[in-house]
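Participant: Input file: protein-v7.txt. Contents: compact mmCIF, C-alpha atoms.
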```txt
# COMPACT_ATOMS: atom_id res chain seq x y z
CA MET A 1 -31.67 3.09 -76.73
CA LYS A 2 -30.56 2.94 -73.09
CA THR A 3 -30.05 -0.82 -73.40
CA ILE A 4 -27.99 -0.37 -76.56
CA ARG A 5 -25.84 2.25 -74.83
CA LYS A 6 -25.26 -0.08 -71.88
CA ILE A 7 -24.21 -2.88 -74.19
CA ARG A 8 -21.74 -0.63 -75.98
CA ILE A 9 -20.31 0.63 -72.67
CA ILE A 10 -19.82 -2.95 -71.49
CA GLY A 11 -18.07 -3.79 -74.75
CA LEU A 12 -15.77 -0.77 -74.44
CA LEU A 13 -14.84 -1.63 -70.84
CA ILE A 14 -14.10 -5.19 -71.84
CA PHE A 15 -11.91 -4.03 -74.71
CA ARG A 16 -9.94 -1.72 -72.41
CA GLY A 17 -9.61 -4.53 -69.90
CA CYS A 18 -8.16 -6.73 -72.59
CA LEU A 19 -5.52 -4.14 -73.44
CA THR A 20 -4.63 -3.85 -69.75
CA ALA A 21 -4.29 -7.64 -69.43
CA LYS A 22 -1.83 -7.70 -72.33
CA ALA A 23 0.64 -5.27 -70.74
CA GLN A 24 3.25 -7.50 -69.03
CA PRO A 25 6.80 -6.33 -68.25
CA TYR A 26 8.39 -9.76 -68.68
CA GLN A 27 11.89 -10.60 -69.94
CA PRO A 28 12.17 -13.71 -72.16
CA ILE A 29 14.35 -16.57 -70.95
CA THR A 30 15.16 -19.89 -72.62
CA PHE A 31 15.10 -23.28 -70.95
CA GLU A 32 18.88 -23.71 -71.23
CA LYS A 33 19.61 -20.26 -69.80
CA TYR A 34 17.18 -20.89 -66.97
CA LEU A 35 18.85 -24.16 -65.95
CA LEU A 36 22.27 -22.49 -66.04
CA GLU A 37 20.96 -19.85 -63.63
CA VAL A 38 19.58 -22.58 -61.37
CA ALA A 39 22.91 -24.44 -61.33
CA GLY A 40 24.89 -21.28 -60.61
CA ASN A 41 22.69 -19.29 -58.26
CA ASN A 42 20.19 -21.54 -56.48
CA LEU A 43 20.75 -20.78 -52.82
CA GLU A 44 19.73 -24.18 -51.51
CA TYR A 45 22.17 -25.87 -53.89
CA LEU A 46 24.94 -23.49 -52.85
CA SER A 47 24.20 -24.37 -49.23
CA GLU A 48 24.44 -28.10 -49.95
CA LYS A 49 27.89 -27.62 -51.50
CA TYR A 50 29.25 -26.75 -48.06
CA ASN A 51 28.58 -30.34 -46.95
CA VAL A 52 31.18 -31.49 -49.47
CA ARG A 53 33.66 -28.85 -48.35
CA MET A 54 33.20 -29.83 -44.71
CA ALA A 55 33.72 -33.49 -45.58
CA GLU A 56 36.92 -32.62 -47.44
CA ALA A 57 38.07 -30.59 -44.44
CA LYS A 58 37.44 -33.64 -42.27
CA ILE A 59 39.91 -35.62 -44.40
CA ALA A 60 42.58 -33.05 -43.61
CA ILE A 61 41.70 -33.31 -39.93
CA GLN A 62 42.01 -37.10 -39.90
CA ARG A 63 45.43 -36.89 -41.57
CA MET A 64 46.85 -35.17 -38.49
CA PHE A 65 49.35 -37.09 -36.37
CA PRO A 66 49.06 -37.20 -32.58
CA ASP A 67 50.78 -34.37 -30.79
CA PRO A 68 53.88 -35.23 -28.74
CA GLU A 69 53.88 -34.53 -25.01
CA LEU A 70 56.63 -32.67 -23.19
CA THR A 71 56.85 -33.14 -19.40
CA PHE A 72 59.10 -31.10 -17.08
CA GLU A 73 59.36 -31.65 -13.34
CA THR A 74 61.70 -30.07 -10.81
CA THR A 75 62.30 -30.16 -7.05
CA GLU A 76 64.90 -28.80 -4.70
CA ASP A 77 67.20 -31.73 -5.44
CA ASP A 78 66.56 -32.70 -9.06
CA PHE A 79 64.69 -32.01 -12.27
CA ASN A 80 63.19 -34.31 -14.90
CA LEU A 81 62.53 -33.70 -18.62
CA GLU A 82 60.56 -36.21 -20.71
CA LEU A 83 59.27 -36.32 -24.30
CA GLY A 84 56.45 -38.76 -25.06
CA TYR A 85 54.66 -39.81 -28.22
CA THR A 86 51.78 -42.17 -28.98
CA LEU A 87 52.07 -44.68 -31.85
CA GLU A 88 48.53 -45.37 -33.08
CA MET A 89 49.36 -48.59 -34.94
CA GLY A 90 47.45 -47.97 -38.22
CA LYS A 91 44.49 -46.06 -36.81
CA ARG A 92 45.30 -42.84 -38.67
CA ARG A 93 45.22 -44.59 -42.04
CA SER A 94 41.86 -46.16 -41.22
CA ARG A 95 40.42 -42.81 -40.13
CA VAL A 96 41.59 -41.17 -43.36
CA GLY A 97 40.08 -43.97 -45.45
CA LEU A 98 36.74 -43.61 -43.70
CA ALA A 99 36.78 -39.82 -44.11
CA GLN A 100 37.54 -40.18 -47.82
CA SER A 101 34.60 -42.56 -48.25
CA GLU A 102 32.33 -40.14 -46.40
CA ALA A 103 33.52 -37.27 -48.63
CA GLU A 104 32.79 -39.31 -51.74
CA LEU A 105 29.32 -40.03 -50.41
CA GLU A 106 28.78 -36.32 -49.84
CA ARG A 107 29.77 -35.61 -53.46
CA LEU A 108 27.32 -38.22 -54.68
CA ALA A 109 24.64 -36.80 -52.39
CA LEU A 110 25.28 -33.36 -53.86
CA ASP A 111 24.97 -34.76 -57.39
CA TRP A 112 21.70 -36.44 -56.46
CA PHE A 113 20.43 -33.26 -54.84
CA PHE A 114 21.21 -31.32 -58.01
CA GLN A 115 19.45 -33.87 -60.19
CA GLU A 116 16.35 -33.59 -58.01
CA LEU A 117 16.62 -29.80 -58.02
CA ARG A 118 17.08 -29.67 -61.78
CA ALA A 119 14.02 -31.85 -62.35
CA GLU A 120 11.91 -29.72 -59.98
CA ALA A 121 13.13 -26.52 -61.61
CA ALA A 122 12.40 -27.90 -65.08
CA GLU A 123 8.91 -28.88 -63.95
CA ALA A 124 8.35 -25.34 -62.67
CA PHE A 125 9.50 -23.98 -66.04
CA LEU A 126 7.05 -26.22 -67.90
CA GLU A 127 4.26 -25.15 -65.57
CA ALA A 128 5.02 -21.49 -66.23
CA VAL A 129 4.95 -22.09 -69.99
CA LEU A 130 1.64 -23.90 -69.62
CA GLN A 131 0.12 -21.07 -67.59
CA ARG A 132 1.27 -18.52 -70.18
CA GLN A 133 -0.24 -20.50 -73.03
CA MET A 134 -3.43 -21.05 -71.07
CA LEU A 135 -3.56 -17.29 -70.58
CA GLU A 136 -3.27 -16.85 -74.33
CA VAL A 137 -6.11 -19.32 -74.93
CA LYS A 138 -8.38 -17.49 -72.50
CA ARG A 139 -7.42 -14.11 -73.95
CA GLN A 140 -8.18 -15.27 -77.48
CA SER A 141 -11.46 -16.72 -76.31
CA TYR A 142 -12.35 -13.43 -74.66
CA GLU A 143 -11.39 -11.41 -77.75
CA TYR A 144 -13.53 -13.67 -79.90
CA MET A 145 -16.51 -13.18 -77.61
CA ALA A 146 -15.85 -9.42 -77.30
CA ARG A 147 -15.97 -9.07 -81.10
CA LEU A 148 -19.12 -11.13 -81.17
CA ALA A 149 -20.69 -8.94 -78.47
CA GLU A 150 -19.89 -5.83 -80.49
CA TYR A 151 -21.33 -7.48 -83.59
CA ASP A 152 -24.49 -8.46 -81.71
CA SER A 153 -24.95 -4.94 -80.38
CA LEU A 154 -25.09 -3.71 -83.99
CA ARG A 155 -27.49 -6.49 -84.93
CA TYR A 156 -29.73 -5.54 -82.03
CA THR A 157 -29.68 -1.92 -83.20
CA LEU A 158 -30.83 -3.13 -86.61
CA GLY A 159 -33.50 -5.28 -85.02
CA GLU A 160 -32.03 -8.58 -86.20
CA ILE A 161 -31.75 -10.16 -82.75
CA SER A 162 -33.44 -9.72 -79.42
CA LYS A 163 -32.16 -7.73 -76.47
CA ILE A 164 -31.64 -10.96 -74.52
CA ASP A 165 -29.28 -12.39 -77.17
CA ALA A 166 -27.26 -9.17 -77.29
CA ARG A 167 -27.04 -9.07 -73.52
CA GLN A 168 -26.05 -12.76 -73.40
CA THR A 169 -22.96 -12.29 -75.57
CA SER A 170 -21.89 -9.18 -73.62
CA LEU A 171 -22.21 -10.98 -70.29
CA GLU A 172 -20.38 -13.98 -71.68
CA ALA A 173 -17.53 -11.73 -72.77
CA ALA A 174 -17.38 -10.14 -69.32
CA THR A 175 -17.27 -13.61 -67.74
CA LEU A 176 -14.41 -14.62 -69.99
CA LEU A 177 -12.52 -11.48 -69.04
CA THR A 178 -12.67 -12.48 -65.37
CA GLU A 179 -11.10 -15.79 -66.39
CA VAL A 180 -8.36 -13.86 -68.17
CA TYR A 181 -7.59 -11.92 -64.99
CA GLU A 182 -7.63 -15.10 -62.92
CA GLN A 183 -5.32 -16.87 -65.34
CA GLU A 184 -2.95 -13.94 -65.40
CA GLY A 185 -2.62 -14.29 -61.63
CA GLU A 186 -1.81 -18.00 -62.05
CA TYR A 187 0.83 -17.14 -64.63
CA ARG A 188 2.48 -14.51 -62.44
CA ALA A 189 2.57 -16.93 -59.51
CA ALA A 190 4.27 -19.56 -61.70
CA VAL A 191 6.82 -17.04 -62.99
CA VAL A 192 7.71 -15.85 -59.49
CA LEU A 193 8.57 -19.44 -58.57
CA LEU A 194 11.18 -19.46 -61.34
CA ASN A 195 12.95 -16.58 -59.61
CA GLN A 196 13.18 -18.63 -56.44
CA TYR A 197 14.86 -21.49 -58.26
CA MET A 198 17.27 -19.05 -59.93
CA GLY A 199 18.12 -17.35 -56.62
CA ASN A 200 16.69 -14.01 -57.75
CA ASP A 201 14.29 -11.63 -56.08
CA SER A 202 10.88 -10.93 -57.59
CA GLY A 203 11.78 -7.52 -59.01
CA VAL A 204 12.15 -8.89 -62.55
CA LEU A 205 9.72 -11.39 -64.03
CA PHE A 206 10.87 -13.74 -66.76
CA ASP A 207 8.80 -15.02 -69.65
CA PRO A 208 9.75 -18.69 -70.25
CA GLN A 209 10.21 -19.64 -73.89
CA GLY A 210 9.95 -23.12 -75.35
CA ASP A 211 8.35 -25.46 -77.84
CA TRP A 212 6.51 -28.60 -76.74
CA ALA A 213 7.54 -30.36 -79.95
CA ASN A 214 11.21 -30.31 -78.87
CA VAL A 215 10.42 -32.54 -75.88
CA ASP A 216 9.39 -35.55 -77.95
CA LYS A 217 11.75 -38.48 -77.28
CA LYS A 218 11.79 -42.18 -78.11
CA TYR A 219 13.03 -44.63 -75.51
CA GLU A 220 13.14 -48.37 -74.91
CA LEU A 221 12.44 -49.73 -71.45
CA GLY A 222 15.26 -52.28 -71.45
CA TYR A 223 17.88 -49.69 -72.34
CA LEU A 224 16.64 -47.30 -69.66
CA ILE A 225 16.72 -49.96 -66.94
CA GLY A 226 20.24 -51.04 -67.88
CA PHE A 227 21.47 -47.46 -67.98
CA GLY A 228 19.81 -46.61 -64.69
CA MET A 229 21.33 -49.61 -62.91
CA GLU A 230 24.80 -48.35 -63.82
CA HIS A 231 24.48 -44.60 -63.64
CA ARG A 232 21.74 -43.55 -61.24
CA VAL A 233 23.48 -41.53 -58.59
CA ASP A 234 21.53 -42.74 -55.56
CA LEU A 235 22.23 -46.35 -56.53
CA VAL A 236 25.93 -45.58 -57.01
CA ALA A 237 25.84 -43.91 -53.59
CA ALA A 238 24.20 -46.99 -52.06
CA HIS A 239 27.04 -49.20 -53.31
CA LYS A 240 29.51 -46.59 -52.08
CA SER A 241 27.84 -46.80 -48.67
CA VAL A 242 28.85 -50.46 -48.54
CA ASP A 243 32.46 -49.41 -49.14
CA MET A 244 32.11 -46.81 -46.39
CA ALA A 245 30.79 -49.50 -44.03
CA LEU A 246 33.84 -51.65 -44.84
CA GLN A 247 36.09 -48.68 -44.09
CA ASN A 248 34.26 -48.28 -40.80
CA MET A 249 34.92 -51.95 -40.03
CA ARG A 250 38.64 -51.42 -40.68
CA LEU A 251 38.63 -48.45 -38.31
CA VAL A 252 36.82 -50.46 -35.63
CA ARG A 253 39.41 -53.22 -35.88
CA ALA A 254 42.22 -50.66 -35.80
CA GLU A 255 40.73 -49.00 -32.72
CA ARG A 256 40.95 -52.35 -30.91
CA ARG A 257 44.71 -52.41 -31.35
CA PRO A 258 46.55 -51.02 -28.33
CA ASP A 259 48.28 -47.67 -28.66
CA VAL A 260 51.97 -47.76 -27.82
CA ASP A 261 53.37 -44.83 -25.85
CA VAL A 262 57.11 -44.28 -26.14
CA MET A 263 59.15 -41.91 -24.01
CA VAL A 264 62.68 -40.57 -23.81
CA GLY A 265 63.92 -38.34 -20.97
CA TYR A 266 66.73 -36.73 -19.08
CA GLU A 267 67.10 -36.55 -15.28
CA ARG A 268 69.63 -34.73 -13.08
CA ASP A 269 70.00 -35.50 -9.35
CA TRP A 270 72.30 -33.68 -6.85
CA SER A 271 70.81 -34.80 -3.54
CA GLY A 272 72.88 -36.11 -0.55
CA PHE A 273 75.18 -34.88 2.28
CA LEU A 274 78.04 -34.35 -0.13
CA PRO A 275 76.26 -33.43 -3.37
CA LYS A 276 77.43 -35.37 -6.35
CA GLN A 277 75.88 -34.45 -9.63
CA ARG A 278 74.33 -37.39 -11.50
CA ASP A 279 72.92 -37.21 -15.02
CA MET A 280 70.66 -39.92 -16.41
CA LEU A 281 69.15 -40.60 -19.81
CA LYS A 282 66.06 -42.77 -19.78
CA ALA A 283 63.56 -44.29 -22.18
CA GLY A 284 60.37 -46.19 -21.76
CA ILE A 285 57.45 -47.83 -23.53
CA THR A 286 53.86 -48.28 -22.36
CA ILE A 287 51.57 -50.98 -23.79
CA PRO A 288 48.03 -51.13 -22.40
CA LEU A 289 46.47 -54.51 -21.74
CA LYS A 290 43.29 -54.49 -23.83
CA PHE A 291 41.10 -56.82 -21.79
CA SER A 292 38.15 -54.86 -23.21
CA ASN A 293 38.78 -56.54 -26.57
CA PHE A 294 37.11 -59.67 -25.22
CA ASN A 295 33.88 -57.73 -25.80
CA LYS A 296 33.07 -58.09 -29.53
CA GLY A 297 30.12 -55.67 -29.49
CA THR A 298 31.74 -52.96 -31.61
CA VAL A 299 32.87 -55.49 -34.22
CA ARG A 300 29.43 -57.07 -34.44
CA GLN A 301 27.87 -53.60 -34.72
CA ALA A 302 30.19 -52.72 -37.63
CA ARG A 303 29.34 -56.04 -39.32
CA TYR A 304 25.62 -55.37 -38.99
CA PHE A 305 26.21 -51.92 -40.49
CA ILE A 306 27.78 -53.57 -43.55
CA ASP A 307 24.90 -56.02 -43.87
CA GLN A 308 22.39 -53.19 -43.53
CA ASN A 309 23.99 -51.19 -46.34
CA GLU A 310 24.19 -54.24 -48.60
CA ALA A 311 20.49 -54.94 -48.04
CA HIS A 312 19.66 -51.30 -48.73
CA ALA A 313 21.64 -51.41 -51.99
CA ARG A 314 19.78 -54.54 -53.14
CA HIS A 315 16.45 -52.94 -52.22
CA LEU A 316 17.36 -49.78 -54.11
CA GLU A 317 18.21 -51.83 -57.20
CA LEU A 318 14.67 -53.19 -57.24
CA GLN A 319 13.27 -49.74 -56.52
CA VAL A 320 15.18 -48.22 -59.45
CA GLN A 321 13.81 -50.85 -61.81
CA THR A 322 10.29 -50.21 -60.53
CA GLU A 323 10.56 -46.43 -60.78
CA ILE A 324 11.92 -46.59 -64.33
CA SER A 325 9.16 -48.99 -65.39
CA GLN A 326 6.41 -46.87 -63.84
CA ALA A 327 7.79 -43.68 -65.39
CA TYR A 328 8.06 -45.41 -68.77
CA PHE A 329 4.48 -46.66 -68.77
CA ARG A 330 3.20 -43.18 -67.88
CA TYR A 331 5.39 -41.66 -70.60
CA GLU A 332 4.07 -44.21 -73.11
CA ALA A 333 0.40 -43.55 -72.22
CA LEU A 334 0.78 -39.78 -72.46
CA GLY A 335 2.55 -40.17 -75.80
CA LYS A 336 -0.54 -41.89 -77.16
CA GLN A 337 -2.69 -39.00 -75.95
CA VAL A 338 -0.41 -36.51 -77.68
CA ASP A 339 -0.68 -38.53 -80.90
CA LEU A 340 -4.47 -38.36 -80.61
CA PHE A 341 -4.40 -34.56 -80.53
CA ASP A 342 -1.88 -34.45 -83.36
CA SER A 343 -4.13 -36.64 -85.50
CA GLY A 344 -6.52 -33.73 -86.15
CA LEU A 345 -8.52 -33.23 -82.98
CA LEU A 346 -7.54 -29.57 -82.69
CA GLU A 347 -8.37 -28.91 -86.33
CA GLU A 348 -11.78 -30.52 -85.84
CA ALA A 349 -12.55 -28.28 -82.88
CA GLU A 350 -11.42 -25.19 -84.81
CA ALA A 351 -13.51 -26.12 -87.84
CA LEU A 352 -16.54 -26.77 -85.62
CA LEU A 353 -16.33 -23.33 -84.03
CA GLU A 354 -15.91 -21.60 -87.38
CA GLY A 355 -18.91 -23.45 -88.79
CA MET A 356 -21.11 -22.68 -85.80
CA THR A 357 -20.06 -19.01 -85.91
CA PHE A 358 -21.00 -18.82 -89.59
CA ARG A 359 -24.36 -20.44 -88.90
CA TYR A 360 -25.02 -18.12 -85.94
CA LYS A 361 -24.31 -15.01 -87.99
CA GLY A 362 -26.62 -16.40 -90.65
CA GLY A 363 -29.40 -16.82 -88.10
CA GLU A 364 -29.51 -20.62 -88.36
CA ILE A 365 -28.73 -21.31 -84.68
CA ASP A 366 -29.21 -19.42 -81.43
CA ILE A 367 -26.55 -18.01 -79.13
CA LEU A 368 -26.62 -20.95 -76.69
CA GLU A 369 -25.56 -23.42 -79.37
CA LEU A 370 -22.69 -21.14 -80.36
CA LEU A 371 -21.58 -20.78 -76.74
CA ILE A 372 -21.51 -24.56 -76.34
CA ALA A 373 -19.33 -24.87 -79.44
CA GLN A 374 -17.05 -22.09 -78.24
CA ARG A 375 -16.61 -23.69 -74.81
CA THR A 376 -15.94 -27.08 -76.38
CA HIS A 377 -13.28 -25.47 -78.55
CA ASN A 378 -11.63 -23.92 -75.50
CA GLU A 379 -11.73 -27.19 -73.55
CA VAL A 380 -10.04 -29.07 -76.39
CA ARG A 381 -7.28 -26.46 -76.64
CA GLU A 382 -6.73 -26.42 -72.89
CA GLN A 383 -6.71 -30.24 -72.72
CA HIS A 384 -4.16 -30.29 -75.52
CA LEU A 385 -1.85 -27.91 -73.66
CA GLU A 386 -2.25 -29.81 -70.40
CA THR A 387 -1.52 -33.10 -72.17
CA MET A 388 1.61 -31.68 -73.80
CA LYS A 389 2.78 -30.40 -70.45
CA GLU A 390 2.11 -33.73 -68.75
CA TYR A 391 3.95 -35.52 -71.54
CA ALA A 392 6.95 -33.23 -71.10
CA SER A 393 6.80 -33.84 -67.34
CA SER A 394 6.76 -37.58 -67.95
CA VAL A 395 9.89 -37.27 -70.10
CA ILE A 396 11.63 -35.39 -67.29
CA GLU A 397 10.56 -37.99 -64.73
CA LEU A 398 11.65 -40.84 -67.00
CA GLN A 399 15.06 -39.31 -67.58
CA LYS A 400 15.53 -38.57 -63.89
CA SER A 401 14.55 -42.12 -62.92
CA ALA A 402 17.07 -43.53 -65.41
CA GLY A 403 19.87 -41.12 -64.44
CA ILE A 404 20.08 -39.31 -67.78
CA TRP A 405 19.43 -35.73 -68.79
CA GLU A 406 18.99 -34.79 -72.45
CA ILE A 407 15.72 -32.88 -72.51
CA ARG A 408 15.39 -29.88 -74.80
CA PHE A 409 12.55 -27.41 -74.74
```
Take the structure I supplied and represent it as structure tokens, if you would.
Facilitator:
Amino acid sequence: MKTIRKIRIIGLLIFRGCLTAKAQPYQPITFEKYLLEVAGNNLEYLSEKYNVRMAEAKIAIQRMFPDPELTFETTEDDFNLELGYTLEMGKRRSRVGLAQSEAELERLALDWFFQELRAEAAEAFLEAVLQRQMLEVKRQSYEYMARLAEYDSLRYTLGEISKIDARQTSLEAATLLTEVYEQEGEYRAAVVLLNQYMGNDSGVLFDPQGDWANVDKKYELGYLIGFGMEHRVDLVAAHKSVDMALQNMRLVRAERRPDVDVMVGYERDWSGFLPKQRDMLKAGITIPLKFSNFNKGTVRQARYFIDQNEAHARHLELQVQTEISQAYFRYEALGKQVDLFDSGLLEEAEALLEGMTFRYKGGEIDILELLIAQRTHNEVREQHLETMKEYASSVIELQKSAGIWEIRF
């Protein structure tokens, strides 16, 4: 009787533990709403936006004209007033053009940063959904074993099974409950990461909602490569870098032109034994002799910068093709795995467990055979969820590599 009482106490504690594990103060959030929060409130993304604003401010700075210079000199006999100004001979226009190219690059860099951020945030969302569904699998597995432990305690009371069998199911249920607690911790950790991407604190936890079936997409490799070559932001930025290098070359050539200083002035002189006032208007021009232009180092450096950016753009074109192809082949392989599960593998595992449970309750098999079937059933369900998540991740990676975004979840 003491053994029976212990078994029932264990079953009651497990049941209470299950109820505790179910209590979760989460707020549901959809995939679309989550990505809107990421775009609007992610602190790292907001910080990156300032790079664009600073680049735009630099354009305004480069549009400034040189300041004129006012010179005033006086002595006991005369005074001199001069106004000078520097003509930059096209340098301002070249500086503005370079600043505009740099600002455009910053905008493209911000777009690329957001695409990377969006893909990472979407991956975190999928991981949180996976951890929640894995928690549900483990909870259902525990509840199944808890019911079986309660059933076996009654069978032991009636003398239908041995004490060892009754104890085995109770201990198995307790073991599964520890897995439930462990998985709940994994789920909470995944949900907290969503708050970071949304720029929120951890005071409110969100329950991500979605359906793996919505992720299924059909793509052709040739179309993806062609689209990526035209629209992938980092490749567009690489070609824009060549334009920026050309603007830099124009500025270098403009900087080699001599600045022309012009001056107009007024001078009054009343020196001498019999002072006679004399007023003079004067003007002047200063042209430096640019002997330093015989040194072509800055021009060659600007030319090498252009060549470097052109080579980088060609390399990135090959890299984009490779990344799209690799992402496509992974997406294709995972799609075949998903089809395998959809062809009836889950139903087979469910039917196997139901059959083994029926045979166990009928006394045809022992508890170890049932536990093997139950664990196999759990493994198949968990592998299915992991495969669906990996397939969804491959769709995200494929779309990111091709420069498109049309995923629904």
Participant: So which one's closest to Asn200 in chain A, A:Phe125, A:Tyr34, A:Tyr142, A:Tyr85? Using all atoms listed in the file, please.
Facilitator: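 Checking each candidate against Asn200 in chain A, we get A:Tyr34 as the closest.
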Participant: For Ala213 in chain A, work out the shell of residues within 10 Å, counting all atoms listed in the file and skipping chain neighbours fewer than 6 positions away, then give it as a PyMOL selection string.
Facilitator: chain A and resi 388+392+408-409
Participant: Got a sec: who's within 12 Å of Thr86 in chain A, counting all atoms listed in the file, leaving out chain neighbours fewer than 4 positions off, as a list in words?
Facilitator: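 What passes the distance filter is Phe65, Pro66, Asp67, Pro68, Glu69, Gly90, Lys91, Arg92, Pro258, Asp259, Val260, Asp261, Val262, Met263, Gly284, Ile285, Thr286, Ile287 and Pro288 of chain A.
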Participant: Which residue, A:Met229, A:Val215, A:Ile61, A:Val242, has the smallest gap to Trp405 in chain A when you use only C-alpha atoms?
Facilitator: A:Val215
Participant: Return as CSV the residues of range 196-251 of chain A lying at most 8 Å from range 399-403 of chain A, together with the closest atom-to-atom pair for each and the distance in Å to one decimal, counting all atoms listed in the file, with rows in chain order and ascending residue number.
Facilitator:
```
residue,atom,partner,partner_atom,distance
A:Leu224,CA,A:Ala402,CA,5.7
A:Ile225,CA,A:Ala402,CA,6.6
A:Phe227,CA,A:Ala402,CA,6.4
A:Gly228,CA,A:Ala402,CA,4.2
A:Met229,CA,A:Ala402,CA,7.8
A:His231,CA,A:Gly403,CA,5.8
A:Arg232,CA,A:Gly403,CA,4.4
A:Val233,CA,A:Gly403,CA,6.9
```
Participant: So how many Å separate CA of Leu246 in chain A and CA of Gln301 in chain A, to one decimal?
Facilitator: 11.9 Å
Participant: When distances are computed from only C-alpha atoms, which of A:Thr71, A:Gln326, A:Asn41, A:Gln247 shows the smallest separation from Asp201 in chain A?
Facilitator: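 Closest residue, counting only C-alpha atoms: A:Asn41.
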Participant: Using all atoms listed in the file, which residue out of A:Gly335, A:Gly222, A:Gly210, A:Gly362 lies closest to Ser394 in chain A?
Facilitator: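 Looking at the shortest contact to Ser394 in chain A, the residue is A:Gly335.
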Participant: Near Leu70 in chain A, within 9 Å and counting only C-alpha atoms, which residues show up once chain neighbours fewer than 3 positions away are dropped, as a list in words?
Facilitator: Leu81, Glu82, Leu83, Gly84 and Tyr85 of chain A
Participant: Do a neighbour search on range 340-354 of chain A at 9 Å with all atoms listed in the file, toss out local chain neighbours closer than 6 positions, and write the hits as a PyMOL selection string.
Facilitator: chain A and resi 370+373-374+376-378+380-381+384+387
Participant: Give me, as a PyMOL selection string, all polymer residues having an atom no more than 12 Å from His315 in chain A, counting only C-alpha atoms and skipping those fewer than 5 positions away in the same chain.
Facilitator: chain A and resi 234-235+238-239+308-310+320-322
Participant: Figure out the distance between CA of Leu171 in chain A and CA of Ala128 in chain A, please, to one decimal in Å.
Facilitator: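 If I compute the distance from CA of Ala128 in chain A to CA of Leu171 in chain A, I get 29.5 Å.
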Participant: Counting only C-alpha atoms, figure out which residue out of A:Glu182, A:Asp152, A:Glu323, A:Glu364 gets nearest to Leu221 in chain A.
Facilitator: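 So, comparing all the options, the nearest one is A:Glu323.
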Participant: For each of A:Ile29, A:Glu136, A:Val236, A:Gly355, take the minimum atom-to-atom distance to Leu316 in chain A, counting all atoms listed in the file, then give the residue where this is smallest.
Facilitator: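 Checking each candidate against Leu316 in chain A, we get A:Val236 as the closest.
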Participant: Mind pulling up the distance from CA of Val264 in chain A to CA of Lys282 in chain A?
Facilitator: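 Interatomic distance, CA of Lys282 in chain A to CA of Val264 in chain A: 5.7 Å.
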Participant: List as a PyMOL selection string: which residues have an atom within 12 Å of (9.6, -37.4, -64.0), counting all atoms listed in the file?
Facilitator: chain A and resi 115-123+323-331+389-405+407
Participant: Could you write out as lines of an AutoDock Vina configuration file the box around range 91-106 of chain A (axis-aligned, all atoms listed in the file, 3 Å on each side), with centre and edge lengths in Å to one decimal?
Facilitator:
```
center_x = 37.0
center_y = -41.2
center_z = -44.3
size_x = 22.5
size_y = 15.8
size_z = 20.9
```
Participant: Please check which residues have atoms at most 9 Å from (20.6, -24.3, -60.6) in the file's coordinates, counting only C-alpha atoms, and write them as a list in words.
Facilitator: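 Residues found, by chain and rising number: Tyr34, Leu35, Leu36, Glu37, Val38, Ala39, Gly40, Asn41, Asn42, Leu43, Tyr45, Leu46, Phe114, Leu117, Arg118, Ala121, Tyr197, Met198 and Gly199 of chain A.
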